[in-house]
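Pasted below: input.cif, mmCIF, C-alpha atoms and all ligand atoms.
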data_coords
loop_
_atom_site.group_PDB
_atom_site.id
_atom_site.type_symbol
_atom_site.label_atom_id
_atom_site.label_comp_id
_atom_site.auth_asym_id
_atom_site.auth_seq_id
_atom_site.Cartn_x
_atom_site.Cartn_y
_atom_site.Cartn_z
ATOM 1 C CA MET A 1 -13.099 13.973 -1.715
ATOM 2 C CA ALA A 2 -11.789 11.599 0.982
ATOM 3 C CA GLU A 3 -11.035 13.246 4.323
ATOM 4 C CA ARG A 4 -7.803 12.770 6.250
ATOM 5 C CA LEU A 5 -8.217 10.333 9.102
ATOM 6 C CA ALA A 6 -7.751 11.701 12.604
ATOM 7 C CA ALA A 7 -4.855 10.179 14.556
ATOM 8 C CA GLU A 8 -7.136 7.933 16.605
ATOM 9 C CA ALA A 9 -9.045 6.558 13.591
ATOM 10 C CA ARG A 10 -5.778 5.938 11.758
ATOM 11 C CA LYS A 11 -4.298 4.042 14.674
ATOM 12 C CA GLN A 12 -7.421 1.923 14.946
ATOM 13 C CA ALA A 13 -7.389 1.123 11.204
ATOM 14 C CA LEU A 14 -3.669 0.256 11.277
ATOM 15 C CA GLY A 15 -4.314 -2.244 14.074
ATOM 16 C CA GLY A 16 -6.362 -4.307 11.615
ATOM 17 C CA ILE A 17 -3.864 -4.388 8.741
ATOM 18 C CA PRO A 18 -0.731 -6.308 9.724
ATOM 19 C CA GLY A 19 2.659 -4.891 8.779
ATOM 20 C CA TRP A 20 1.551 -1.328 8.046
ATOM 21 C CA SER A 21 2.862 1.530 10.151
ATOM 22 C CA GLU A 22 2.932 5.291 10.184
ATOM 23 C CA VAL A 23 5.755 7.069 8.354
ATOM 24 C CA ALA A 24 7.871 9.347 10.556
ATOM 25 C CA GLY A 25 7.622 13.024 9.660
ATOM 26 C CA ARG A 26 4.881 12.583 7.079
ATOM 27 C CA ASP A 27 1.164 11.804 7.042
ATOM 28 C CA ALA A 28 1.459 8.447 5.291
ATOM 29 C CA ILE A 29 1.521 4.711 5.994
ATOM 30 C CA ALA A 30 4.108 2.216 4.787
ATOM 31 C CA LYS A 31 4.909 -1.458 4.507
ATOM 32 C CA THR A 32 7.829 -3.407 3.054
ATOM 33 C CA PHE A 33 6.807 -6.656 1.354
ATOM 34 C CA VAL A 34 9.442 -9.349 0.774
ATOM 35 C CA PHE A 35 8.675 -12.153 -1.692
ATOM 36 C CA LYS A 36 10.388 -15.335 -2.827
ATOM 37 C CA ASP A 37 11.948 -13.772 -5.900
ATOM 38 C CA PHE A 38 11.566 -10.969 -8.455
ATOM 39 C CA ASN A 39 8.844 -12.824 -10.347
ATOM 40 C CA GLU A 40 6.608 -12.982 -7.252
ATOM 41 C CA ALA A 41 7.369 -9.357 -6.339
ATOM 42 C CA PHE A 42 6.495 -8.144 -9.803
ATOM 43 C CA GLY A 43 3.387 -10.350 -9.881
ATOM 44 C CA PHE A 44 2.254 -8.665 -6.670
ATOM 45 C CA MET A 45 2.873 -5.238 -8.185
ATOM 46 C CA THR A 46 0.935 -6.148 -11.318
ATOM 47 C CA ARG A 47 -2.108 -7.310 -9.338
ATOM 48 C CA ALA A 48 -1.916 -4.348 -6.971
ATOM 49 C CA ALA A 49 -1.612 -1.941 -9.915
ATOM 50 C CA LEU A 50 -4.894 -3.234 -11.381
ATOM 51 C CA VAL A 51 -6.665 -2.666 -8.053
ATOM 52 C CA ALA A 52 -5.068 0.773 -7.651
ATOM 53 C CA GLU A 53 -6.127 1.841 -11.126
ATOM 54 C CA LYS A 54 -9.683 0.622 -10.524
ATOM 55 C CA MET A 55 -9.746 2.643 -7.286
ATOM 56 C CA ASP A 56 -8.101 5.639 -8.978
ATOM 57 C CA HIS A 57 -5.796 5.614 -5.973
ATOM 58 C CA HIS A 58 -2.129 4.977 -6.595
ATOM 59 C CA PRO A 59 0.772 3.828 -4.439
ATOM 60 C CA GLU A 60 4.237 5.304 -4.095
ATOM 61 C CA TRP A 61 6.449 2.258 -4.346
ATOM 62 C CA ARG A 62 9.932 1.021 -5.024
ATOM 63 C CA ASN A 63 11.023 -2.439 -6.076
ATOM 64 C CA VAL A 64 14.482 -3.928 -5.624
ATOM 65 C CA TYR A 65 14.694 -7.601 -6.655
ATOM 66 C CA LYS A 66 12.204 -9.404 -4.350
ATOM 67 C CA THR A 67 11.382 -6.449 -2.084
ATOM 68 C CA VAL A 68 8.581 -3.940 -2.648
ATOM 69 C CA GLU A 69 8.507 -0.853 -0.409
ATOM 70 C CA VAL A 70 5.081 0.792 -0.431
ATOM 71 C CA VAL A 71 4.032 4.206 0.916
ATOM 72 C CA LEU A 72 0.354 5.184 0.844
ATOM 73 C CA SER A 73 -1.010 8.686 1.229
ATOM 74 C CA THR A 74 -3.850 10.574 -0.422
ATOM 75 C CA HIS A 75 -2.086 13.399 -2.250
ATOM 76 C CA ASP A 76 -5.297 15.358 -2.868
ATOM 77 C CA ALA A 77 -6.038 15.330 0.885
ATOM 78 C CA GLY A 78 -2.436 15.758 2.058
ATOM 79 C CA GLY A 79 -2.534 12.684 4.281
ATOM 80 C CA VAL A 80 -3.946 9.279 5.121
ATOM 81 C CA THR A 81 -7.605 8.682 4.244
ATOM 82 C CA ALA A 82 -9.935 5.677 4.102
ATOM 83 C CA LEU A 83 -8.702 5.108 0.521
ATOM 84 C CA ASP A 84 -5.192 4.361 1.811
ATOM 85 C CA VAL A 85 -6.573 1.962 4.392
ATOM 86 C CA GLU A 86 -8.634 0.217 1.692
ATOM 87 C CA LEU A 87 -5.634 -0.107 -0.647
ATOM 88 C CA ALA A 88 -3.418 -1.336 2.203
ATOM 89 C CA ARG A 89 -5.998 -4.046 2.988
ATOM 90 C CA ALA A 90 -6.194 -5.040 -0.683
ATOM 91 C CA MET A 91 -2.382 -5.252 -0.920
ATOM 92 C CA ASN A 92 -2.213 -7.510 2.135
ATOM 93 C CA ALA A 93 -4.859 -9.776 0.587
ATOM 94 C CA ILE A 94 -2.942 -9.909 -2.723
ATOM 95 C CA ALA A 95 0.344 -10.639 -0.942
ATOM 96 C CA LYS A 96 -1.312 -13.565 0.846
ATOM 97 C CA LEU A 97 -1.932 -15.192 -2.536
ATOM 98 C CA THR A 98 1.723 -14.710 -3.500
ATOM 99 C CA PRO A 99 4.321 -17.194 -2.153
ATOM 100 C CA ALA A 100 6.789 -15.406 0.169
HETATM 101 C C1 LIG B 1 -7.448 12.902 -10.904
HETATM 102 C C2 LIG B 1 -7.216 11.678 -10.062
HETATM 103 O O1 LIG B 1 -8.442 11.135 -9.660
HETATM 104 C C3 LIG B 1 -6.428 12.017 -8.821
HETATM 105 O O2 LIG B 1 -5.258 12.709 -9.161
HETATM 106 C C4 LIG B 1 -6.101 10.772 -7.990
HETATM 107 C C5 LIG B 1 -5.206 9.791 -8.696
HETATM 108 N N1 LIG B 1 -4.515 8.900 -7.761
HETATM 109 C C6 LIG B 1 -4.235 9.286 -6.526
HETATM 110 N N2 LIG B 1 -3.471 8.543 -5.729
HETATM 111 C C7 LIG B 1 -3.141 8.922 -4.505
HETATM 112 N N3 LIG B 1 -2.366 8.145 -3.751
HETATM 113 N N4 LIG B 1 -3.578 10.090 -4.022
HETATM 114 C C8 LIG B 1 -4.364 10.900 -4.722
HETATM 115 O O3 LIG B 1 -4.741 11.969 -4.227
HETATM 116 C C9 LIG B 1 -4.743 10.501 -6.033
HETATM 117 N N5 LIG B 1 -5.531 11.240 -6.771
#

So, in terms of structure tokens, how does the structure I just supplied come out?
Ligand SMILES: C[C@H](O)[C@H](O)[C@H]1CNC2=NC(N)=NC(=O)C2=N1
Amino acid sequence: MAERLAAEARKQALGGIPGWSEVAGRDAIAKTFVFKDFNEAFGFMTRAALVAEKMDHHPEWRNVYKTVEVVLSTHDAGGVTALDVELARAMNAIAKLTPA
């Protein structure tokens, strides 16, 4: 099972994935993506869902119109692990392909 990242390792990883930050009061990371419209937001979610399912690692997320709020945490580990960092990186890469 993936191990929770120590504070220092998490900070270092977050430095390399723009827009992601630690969630206050919880061991999790979060980012709010804003797209051009609902179609682009939902397209992002569809692509990210395929990656998440392949990884067997799933986001907590909420969509309102063109905004997608994402929180990542490894539930089995009770905090942020390398899997969250990997999914955060993948989501940033997917969002880059999606017009904002
Ligand atoms: C059985 C299955 O592999 C686990 O429940 C997976 C599924 N997706 C998951 N997603 C997330 N974010 N955290 C988990 O601990 C997790 N566990």

Show me, as CSV, the residues of chain A having an atom within 6 Å of ligand LIG 1 (chain B), each with the closest atom pair and its distance in Å, using all atoms listed in the file.
residue,atom,partner,partner_atom,distance
A:Asp56,CA,B:LIG1,N1,5.0
A:His57,CA,B:LIG1,N2,3.7
A:His58,CA,B:LIG1,N2,3.9
A:Pro59,CA,B:LIG1,N3,5.4
A:Ser73,CA,B:LIG1,N3,5.2
A:Thr74,CA,B:LIG1,N4,3.6
A:His75,CA,B:LIG1,O3,3.6
A:Asp76,CA,B:LIG1,O3,3.7

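In this model, the gap between CA of Ala77 (chain A) and CA of Ala30 (chain A) comes to 17.0 Å.
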
- Message: I need the output of the PyMOL selection byres (((chain A and resi 27) around 8) and not hetatm) for this file as JSON, numbers by chain; which residues are they?
- Response: {"A": [22, 23, 24, 25, 26, 28, 29, 73, 78, 79, 80]}

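Here the PyMOL selection byres (((chain A and resi 10) around 12) and not hetatm) captures the residues Glu3, Arg4, Leu5, Ala6, Ala7, Glu8, Ala9, Lys11, Gln12, Ala13, Leu14, Gly15, Gly16, Ile17, Trp20, Ser21, Glu22, Asp27, Ala28, Ile29, Ser73, Gly79, Val80, Thr81, Ala82, Leu83, Asp84, Val85 and Glu86 of chain A.
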
- Decode the PyMOL selection byres (((chain A and resi 33-42) around 6) and not hetatm) for the given file into explicit residues and return them as a ChimeraX atom specification. /A:32,43-45,65-68,100

- Message: To one decimal place in Å, what is the distance between CA of Leu97 (chain A) and CA of Ala2 (chain A)?
- Response: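 These two atoms are separated by 28.8 Å.
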